[in-house]
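Shown below: final-v1.pdb, with PDB, C-alpha atoms, pLDDT in the B column.
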```pdb
ATOM      1  CA  VAL K 185      27.266  -5.840 -11.235  1.00 77.00           C
ATOM      2  CA  TYR K 186      25.591  -3.783  -8.532  1.00 77.00           C
ATOM      3  CA  ILE K 187      26.838  -3.343  -4.992  1.00 83.00           C
ATOM      4  CA  THR K 188      24.411  -2.066  -2.374  1.00 81.00           C
ATOM      5  CA  VAL K 189      24.776  -1.381   1.321  1.00 84.00           C
ATOM      6  CA  SER K 190      21.955  -1.746   3.810  1.00 90.00           C
ATOM      7  CA  GLY K 191      21.178  -2.431   7.416  1.00 92.00           C
ATOM      8  CA  ALA K 192      19.779  -5.727   8.684  1.00 94.00           C
ATOM      9  CA  VAL K 193      16.529  -5.371   6.693  1.00 97.00           C
ATOM     10  CA  THR K 194      16.592  -4.924   2.926  1.00 97.00           C
ATOM     11  CA  VAL K 195      13.850  -3.493   0.721  1.00 97.00           C
ATOM     12  CA  ARG K 196      13.499  -4.955  -2.776  1.00 97.00           C
ATOM     13  CA  TYR K 197      11.093  -4.825  -5.722  1.00 97.00           C
ATOM     14  CA  PRO K 198       8.776  -1.971  -4.708  1.00 98.00           C
ATOM     15  CA  GLN K 199       5.875  -1.526  -7.100  1.00 98.00           C
ATOM     16  CA  ALA K 200       2.600   0.329  -7.481  1.00 98.00           C
ATOM     17  CA  ILE K 201      -0.277  -1.375  -9.298  1.00 97.00           C
ATOM     18  CA  ALA K 202      -3.194   0.800 -10.441  1.00 97.00           C
ATOM     19  CA  ARG K 203      -6.870  -0.027 -10.819  1.00 97.00           C
ATOM     20  CA  LEU K 204      -8.772   2.806 -12.479  1.00 98.00           C
ATOM     21  CA  GLU K 205     -12.422   3.781 -12.121  1.00 97.00           C
ATOM     22  CA  MET K 206     -13.894   3.212 -15.558  1.00 96.00           C
ATOM     23  CA  PRO K 207     -14.925   4.907 -17.737  1.00 95.00           C
ATOM     24  CA  SER K 208     -14.317   8.237 -15.969  1.00 97.00           C
ATOM     25  CA  LEU K 209     -10.618   7.619 -15.130  1.00 97.00           C
ATOM     26  CA  GLU K 210     -11.080  10.166 -12.327  1.00 98.00           C
ATOM     27  CA  VAL K 211      -9.697   7.979  -9.509  1.00 98.00           C
ATOM     28  CA  ALA K 212      -6.782   5.543  -9.419  1.00 98.00           C
ATOM     29  CA  HIS K 213      -6.719   2.964  -6.639  1.00 98.00           C
ATOM     30  CA  LEU K 214      -3.048   2.100  -6.014  1.00 98.00           C
ATOM     31  CA  THR K 215      -1.769  -1.040  -4.337  1.00 98.00           C
ATOM     32  CA  VAL K 216       1.870  -0.671  -3.249  1.00 98.00           C
ATOM     33  CA  THR K 217       4.025  -3.682  -2.411  1.00 98.00           C
ATOM     34  CA  ALA K 218       7.645  -4.241  -1.394  1.00 98.00           C
ATOM     35  CA  ASP K 219       9.679  -7.311  -0.468  1.00 98.00           C
ATOM     36  CA  LEU K 220      11.477  -7.124   2.892  1.00 98.00           C
ATOM     37  CA  HIS K 221      14.203  -9.466   4.094  1.00 98.00           C
ATOM     38  CA  ASN K 222      15.725  -9.621   7.576  1.00 97.00           C
ATOM     39  CA  ALA K 223      19.338 -10.760   7.093  1.00 95.00           C
ATOM     40  CA  GLY K 224      19.979 -10.493  10.828  1.00 93.00           C
ATOM     41  CA  LYS K 225      20.089 -13.247  13.436  1.00 95.00           C
ATOM     42  CA  GLN K 226      17.385 -11.641  15.585  1.00 96.00           C
ATOM     43  CA  ALA K 227      13.735 -10.774  15.105  1.00 97.00           C
ATOM     44  CA  VAL K 228      13.113  -7.104  14.385  1.00 97.00           C
ATOM     45  CA  LYS K 229      10.219  -4.627  14.570  1.00 97.00           C
ATOM     46  CA  GLY K 230      10.286  -1.594  12.353  1.00 97.00           C
ATOM     47  CA  THR K 231       8.243   0.645  10.093  1.00 98.00           C
ATOM     48  CA  LEU K 232       7.919   0.488   6.333  1.00 98.00           C
ATOM     49  CA  ARG K 233       7.278   3.997   5.006  1.00 98.00           C
ATOM     50  CA  GLY K 234       6.219   4.939   1.514  1.00 98.00           C
ATOM     51  CA  GLN K 235       5.805   8.183  -0.393  1.00 98.00           C
ATOM     52  CA  ILE K 236       4.307   9.097  -3.760  1.00 98.00           C
ATOM     53  CA  GLU K 237       4.673  12.845  -4.257  1.00 96.00           C
ATOM     54  CA  ASN K 238       2.861  14.412  -1.231  1.00 96.00           C
ATOM     55  CA  THR K 239       1.117  11.161  -0.295  1.00 97.00           C
ATOM     56  CA  HIS K 240       2.666   9.350   2.693  1.00 98.00           C
ATOM     57  CA  PHE K 241       1.796   5.932   4.129  1.00 98.00           C
ATOM     58  CA  SER K 242       3.415   3.588   6.660  1.00 98.00           C
ATOM     59  CA  GLN K 243       2.843   0.432   8.663  1.00 98.00           C
ATOM     60  CA  GLY K 244       4.635  -1.513  11.350  1.00 97.00           C
ATOM     61  CA  VAL K 245       6.324  -4.744  10.315  1.00 98.00           C
ATOM     62  CA  GLU K 246       7.781  -7.613  12.347  1.00 97.00           C
ATOM     63  CA  LEU K 247      10.306  -9.970  10.781  1.00 98.00           C
ATOM     64  CA  ALA K 248      11.796 -13.102  12.321  1.00 97.00           C
ATOM     65  CA  ALA K 249      15.514 -13.787  11.877  1.00 97.00           C
ATOM     66  CA  GLY K 250      16.137 -14.633   8.217  1.00 96.00           C
ATOM     67  CA  GLU K 251      12.499 -14.024   7.264  1.00 98.00           C
ATOM     68  CA  SER K 252      11.347 -12.538   3.963  1.00 98.00           C
ATOM     69  CA  LYS K 253       7.922 -10.962   3.620  1.00 98.00           C
ATOM     70  CA  VAL K 254       5.929  -9.118   0.981  1.00 98.00           C
ATOM     71  CA  VAL K 255       4.304  -6.065   2.571  1.00 98.00           C
ATOM     72  CA  VAL K 256       1.156  -4.696   0.946  1.00 98.00           C
ATOM     73  CA  PHE K 257      -0.410  -1.243   1.215  1.00 98.00           C
ATOM     74  CA  SER K 258      -3.950  -1.579  -0.151  1.00 98.00           C
ATOM     75  CA  PRO K 259      -6.177   1.362  -1.094  1.00 98.00           C
ATOM     76  CA  GLU K 260      -8.905  -0.073   1.152  1.00 98.00           C
ATOM     77  CA  ARG K 261      -6.661   0.104   4.225  1.00 98.00           C
ATOM     78  CA  PHE K 262      -4.757   3.244   3.183  1.00 98.00           C
ATOM     79  CA  PRO K 263      -7.353   5.613   1.642  1.00 98.00           C
ATOM     80  CA  GLN K 264      -4.647   8.107   0.661  1.00 98.00           C
ATOM     81  CA  LEU K 265      -3.727   5.607  -2.087  1.00 98.00           C
ATOM     82  CA  ASN K 266      -7.005   6.461  -3.839  1.00 98.00           C
ATOM     83  CA  ILE K 267      -5.602   9.187  -6.100  1.00 97.00           C
ATOM     84  CA  ALA K 268      -8.101  11.678  -7.527  1.00 97.00           C
ATOM     85  CA  GLN K 269      -7.437  13.105 -10.995  1.00 97.00           C
ATOM     86  CA  PRO K 270      -4.323  10.983 -11.638  1.00 98.00           C
ATOM     87  CA  ARG K 271      -1.882  11.934 -14.378  1.00 98.00           C
ATOM     88  CA  LEU K 272      -2.215   8.821 -16.527  1.00 98.00           C
ATOM     89  CA  TRP K 273       0.445   7.020 -18.537  1.00 97.00           C
ATOM     90  CA  TRP K 274      -0.483   6.402 -22.189  1.00 95.00           C
ATOM     91  CA  PRO K 275       1.304   4.736 -25.107  1.00 89.00           C
ATOM     92  CA  ALA K 276       3.273   7.254 -27.186  1.00 82.00           C
ATOM     93  CA  GLN K 277       0.599   7.808 -29.856  1.00 82.00           C
ATOM     94  CA  LEU K 278      -2.269   8.187 -27.382  1.00 89.00           C
ATOM     95  CA  GLY K 279      -0.945  10.707 -24.856  1.00 93.00           C
ATOM     96  CA  PRO K 280       1.819  11.599 -22.424  1.00 95.00           C
ATOM     97  CA  GLN K 281       3.874   9.040 -20.503  1.00 94.00           C
ATOM     98  CA  ASN K 282       3.376  10.615 -17.065  1.00 98.00           C
ATOM     99  CA  LEU K 283       5.523   9.076 -14.335  1.00 98.00           C
ATOM    100  CA  TYR K 284       5.445   9.174 -10.534  1.00 98.00           C
ATOM    101  CA  ASP K 285       8.232   8.411  -8.046  1.00 98.00           C
ATOM    102  CA  LEU K 286       7.579   5.751  -5.405  1.00 98.00           C
ATOM    103  CA  LYS K 287       9.963   5.921  -2.443  1.00 98.00           C
ATOM    104  CA  VAL K 288       9.926   3.076   0.103  1.00 98.00           C
ATOM    105  CA  GLU K 289      12.148   2.886   3.214  1.00 98.00           C
ATOM    106  CA  PHE K 290      12.344   0.498   6.153  1.00 98.00           C
ATOM    107  CA  GLU K 291      13.079   2.250   9.437  1.00 97.00           C
ATOM    108  CA  LEU K 292      14.636   0.225  12.253  1.00 94.00           C
ATOM    109  CA  ASP K 293      15.544   1.728  15.650  1.00 91.00           C
ATOM    110  CA  GLY K 294      15.048   5.268  14.330  1.00 92.00           C
ATOM    111  CA  ARG K 295      17.369   4.794  11.338  1.00 95.00           C
ATOM    112  CA  VAL K 296      16.772   3.849   7.720  1.00 96.00           C
ATOM    113  CA  SER K 297      17.917   0.253   7.217  1.00 97.00           C
ATOM    114  CA  ASP K 298      17.306   0.278   3.460  1.00 97.00           C
ATOM    115  CA  GLY K 299      15.214   1.961   0.807  1.00 97.00           C
ATOM    116  CA  GLN K 300      14.374   1.995  -2.875  1.00 96.00           C
ATOM    117  CA  THR K 301      12.971   4.576  -5.260  1.00 97.00           C
ATOM    118  CA  VAL K 302      11.302   3.575  -8.530  1.00 98.00           C
ATOM    119  CA  GLN K 303       9.315   5.372 -11.201  1.00 98.00           C
ATOM    120  CA  PHE K 304       5.937   4.092 -12.326  1.00 98.00           C
ATOM    121  CA  GLY K 305       3.070   5.116 -14.545  1.00 98.00           C
ATOM    122  CA  ILE K 306      -0.548   5.041 -13.462  1.00 98.00           C
ATOM    123  CA  ARG K 307      -2.287   2.940 -16.091  1.00 97.00           C
ATOM    124  CA  GLU K 308      -4.446  -0.146 -16.301  1.00 96.00           C
ATOM    125  CA  VAL K 309      -3.680  -2.737 -18.973  1.00 95.00           C
ATOM    126  CA  THR K 310      -6.306  -5.402 -19.662  1.00 95.00           C
ATOM    127  CA  SER K 311      -7.205  -7.834 -22.408  1.00 95.00           C
ATOM    128  CA  GLU K 312     -10.240  -9.890 -23.347  1.00 94.00           C
ATOM    129  CA  LEU K 313     -11.436 -12.131 -26.142  1.00 95.00           C
ATOM    130  CA  ASN K 314     -13.949 -10.596 -28.537  1.00 93.00           C
ATOM    131  CA  GLU K 315     -16.872 -12.429 -30.169  1.00 94.00           C
ATOM    132  CA  LYS K 316     -14.548 -13.725 -32.935  1.00 95.00           C
ATOM    133  CA  GLY K 317     -12.094 -15.178 -30.405  1.00 94.00           C
ATOM    134  CA  CYS K 318      -9.464 -12.499 -31.052  1.00 91.00           C
ATOM    135  CA  ARG K 319      -7.616 -10.877 -28.163  1.00 93.00           C
ATOM    136  CA  VAL K 320      -8.420  -7.184 -27.644  1.00 94.00           C
ATOM    137  CA  PHE K 321      -6.008  -5.143 -25.521  1.00 94.00           C
ATOM    138  CA  LYS K 322      -7.041  -2.047 -23.608  1.00 95.00           C
ATOM    139  CA  ILE K 323      -5.024   0.632 -21.894  1.00 95.00           C
ATOM    140  CA  ASN K 324      -6.969   2.795 -19.462  1.00 97.00           C
ATOM    141  CA  GLY K 325     -10.173   1.334 -20.898  1.00 95.00           C
ATOM    142  CA  LYS K 326      -9.364   2.323 -24.490  1.00 94.00           C
ATOM    143  CA  ASN K 327      -8.845  -0.305 -27.199  1.00 93.00           C
ATOM    144  CA  ILE K 328      -5.316  -0.360 -28.577  1.00 92.00           C
ATOM    145  CA  LEU K 329      -3.938  -2.168 -31.589  1.00 88.00           C
ATOM    146  CA  ILE K 330      -0.580  -3.690 -30.700  1.00 87.00           C
ATOM    147  CA  ARG K 331       1.892  -2.883 -33.480  1.00 86.00           C
ATOM    148  CA  GLY K 332       5.393  -4.062 -32.756  1.00 85.00           C
ATOM    149  CA  ALA K 333       8.702  -5.379 -33.937  1.00 84.00           C
ATOM    150  CA  GLY K 334      11.744  -7.187 -32.623  1.00 83.00           C
ATOM    151  CA  TRP K 335      14.733  -5.118 -31.581  1.00 80.00           C
ATOM    152  CA  ALA K 336      18.270  -6.380 -31.131  1.00 79.00           C
ATOM    153  CA  PRO K 337      21.142  -4.394 -29.655  1.00 75.00           C
ATOM    154  CA  ASP K 338      24.470  -3.961 -31.418  1.00 77.00           C
ATOM    155  CA  MET K 339      25.830  -7.467 -32.047  1.00 79.00           C
ATOM    156  CA  MET K 340      29.326  -6.364 -31.032  1.00 83.00           C
ATOM    157  CA  LEU K 341      27.904  -5.195 -27.653  1.00 82.00           C
ATOM    158  CA  ARG K 342      29.053  -1.609 -28.211  1.00 84.00           C
ATOM    159  CA  ALA K 343      26.520   0.173 -26.027  1.00 82.00           C
ATOM    160  CA  ALA K 344      25.975   3.800 -26.999  1.00 88.00           C
ATOM    161  CA  PRO K 345      23.094   5.599 -25.247  1.00 89.00           C
ATOM    162  CA  GLU K 346      22.731   8.127 -28.096  1.00 92.00           C
ATOM    163  CA  ARG K 347      22.356   5.330 -30.636  1.00 88.00           C
ATOM    164  CA  GLN K 348      19.867   3.434 -28.468  1.00 85.00           C
ATOM    165  CA  GLU K 349      17.769   6.588 -28.017  1.00 89.00           C
ATOM    166  CA  ALA K 350      17.802   7.177 -31.793  1.00 89.00           C
ATOM    167  CA  GLU K 351      16.707   3.573 -32.450  1.00 85.00           C
ATOM    168  CA  ILE K 352      13.837   3.881 -29.958  1.00 84.00           C
ATOM    169  CA  ARG K 353      12.806   7.170 -31.635  1.00 88.00           C
ATOM    170  CA  TYR K 354      12.728   5.331 -35.000  1.00 87.00           C
ATOM    171  CA  VAL K 355      10.366   2.761 -33.499  1.00 85.00           C
ATOM    172  CA  ARG K 356       8.083   5.528 -32.224  1.00 84.00           C
ATOM    173  CA  ASP K 357       8.252   7.381 -35.564  1.00 89.00           C
ATOM    174  CA  MET K 358       7.138   4.176 -37.348  1.00 89.00           C
ATOM    175  CA  ASN K 359       4.025   4.286 -35.125  1.00 86.00           C
ATOM    176  CA  LEU K 360       4.955   1.039 -33.407  1.00 86.00           C
ATOM    177  CA  ASN K 361       3.869   0.777 -29.792  1.00 82.00           C
ATOM    178  CA  THR K 362       5.565  -2.473 -28.764  1.00 84.00           C
ATOM    179  CA  ILE K 363       9.170  -3.629 -28.859  1.00 84.00           C
ATOM    180  CA  ARG K 364      10.230  -7.214 -28.300  1.00 81.00           C
ATOM    181  CA  LEU K 365      13.652  -7.215 -26.685  1.00 75.00           C
TER     182      LEU K 365
END
```
As structure tokens - that is how I would like this structure written.
Amino acid sequence: VYITVSGAVTVRYPQAIARLEMPSLEVAHLTVTADLHNAGKQAVKGTLRGQIENTHFSQGVELAAGESKVVVFSPERFPQLNIAQPRLWWPAQLGPQNLYDLKVEFELDGRVSDGQTVQFGIREVTSELNEKGCRVFKINGKNILIRGAGWAPDMMLRAAPERQEAEIRYVRDMNLNTIRL
């Protein structure tokens, strides 16, 4: 159970989706989205602000009473979302799992109504069928063989973070790169 407090407008599900320039991987084009909801009984005008490290972006948003809206920051409209030399996220055996923080806040009447911060990795995951009809997965343009297993938590529901971390390490040490939860 989570309890959150916000103003009239809530911010939910912020995300950053990357499209990489292939094959160089020298530029990541990020599209940032967030769901806004006006729980108030009046229309509002405010500003949705976002930040990824030293990169800032914002746009004005109008919401009718009770309205929900997905707000999009595209790299075409916000050129600062074209990130040069991005620190890429890779599966464990292929490189580091670099993460960025995305902070999104909705400002209404000079005050923050609500905000969210999430971590994300800049990576592009694609798949295609090869000439034999087999699915080939790629991460950041590189072919990857999916090797995985099923994982089940303790059947008695005794959550122990140290144990869970050890189990995930075992998966990595077995050179698996996918876990089915």
Inset, instruction - To verify the selection step, state as a ChimeraX atom specification which residues the PyMOL selection byres ((chain K and resi 236) around 6) yields on this input. - result: /K:235,237,239,285-286
Legend entry - Long-range neighbours of segment 276-281 of chain K as a ChimeraX atom specification, 9 Å cut-off, all atoms listed in the file, 4 positions minimum in chain: /K:271-272,305,356,359-361
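Across K:Leu232, K:Ala223, K:Ile201, K:Met358, the tightest approach to Ala249 of chain K is made by K:Ala223 when counting all atoms listed in the file.
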Which residues, named as in the file, does the PyMOL selection byres ((chain K and resi 256-265) around 7) pick out? Answer as a PDB file with C-alpha atoms, in the frame of the given file.
```pdb
ATOM      1  CA  HIS K 213      -6.719   2.964  -6.639  1.00 98.00           C
ATOM      2  CA  LEU K 214      -3.048   2.100  -6.014  1.00 98.00           C
ATOM      3  CA  THR K 215      -1.769  -1.040  -4.337  1.00 98.00           C
ATOM      4  CA  VAL K 216       1.870  -0.671  -3.249  1.00 98.00           C
ATOM      5  CA  THR K 217       4.025  -3.682  -2.411  1.00 98.00           C
ATOM      6  CA  ALA K 218       7.645  -4.241  -1.394  1.00 98.00           C
ATOM      7  CA  THR K 239       1.117  11.161  -0.295  1.00 97.00           C
ATOM      8  CA  VAL K 254       5.929  -9.118   0.981  1.00 98.00           C
ATOM      9  CA  VAL K 255       4.304  -6.065   2.571  1.00 98.00           C
ATOM     10  CA  ASN K 266      -7.005   6.461  -3.839  1.00 98.00           C
ATOM     11  CA  ILE K 267      -5.602   9.187  -6.100  1.00 97.00           C
TER      12      ILE K 267
END
```
Legend entry - Near-Ser297 of chain K list (9 Å; all atoms listed in the file; drop same-chain fewer than 3 positions) as a list of chain:residue names: K:Ser190, K:Gly191, K:Ala192, K:Val193, K:Thr194, K:Val195, K:Glu289, K:Phe290, K:Glu291, K:Leu292, K:Asp293
Inset, instruction - List every protein, DNA or RNA residue that has an atom no more than 9 Å from (-1.7, 0.8, -13.3) in the file's coordinate frame, counting only C-alpha atoms, and report them as a list in words. - result: Ala200, Ile201, Ala202, Arg203, Leu204, Ala212, His213, Leu214, Leu272, Trp273, Phe304, Gly305, Ile306, Arg307, Glu308, Val309 and Asn324 of chain K
Inset, instruction - Grab the atom CA of Ser252 of chain K to atom CA of Arg295 of chain K distance for me, in Å with one decimal place. - result: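 Result for atom CA of Ser252 of chain K versus atom CA of Arg295 of chain K: 19.8 Å, one decimal.
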Legend entry - Minimum-distance residue to Pro275 of chain K, chosen among K:Ala350, K:Met340, K:Ile323, K:Arg331 (using all atoms listed in the file): K:Ile323
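With distances taken over all atoms listed in the file, K:Ile363 is the one residue among K:Ala343, K:Gly234, K:Thr301, K:Ile363 lying closest to Ile330 of chain K.
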Inset, instruction - Could you check how far atom CA of Val228 of chain K sits from atom CA of His240 of chain K, in Å to one decimal? - result: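 Separation of atom CA of Val228 of chain K and atom CA of His240 of chain K: 22.7 Å.
Relative to atom CA of Val211 of chain K, atom CA of Pro270 of chain K is found at 6.5 Å.
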Inset, instruction - Could you check which of K:Ala248, K:Ala268, K:Leu220, K:Met206 is closest to Gln300 of chain K, using only C-alpha atoms? - result: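 Smallest separation from Gln300 of chain K among the options: K:Leu220.
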Legend entry - Closest of K:Thr231, K:Thr362, K:Asn222, K:Tyr284 to Gly334 of chain K - atom-to-atom distances counting all atoms listed in the file: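 Among the listed residues, the smallest separation from Gly334 of chain K belongs to K:Thr362.
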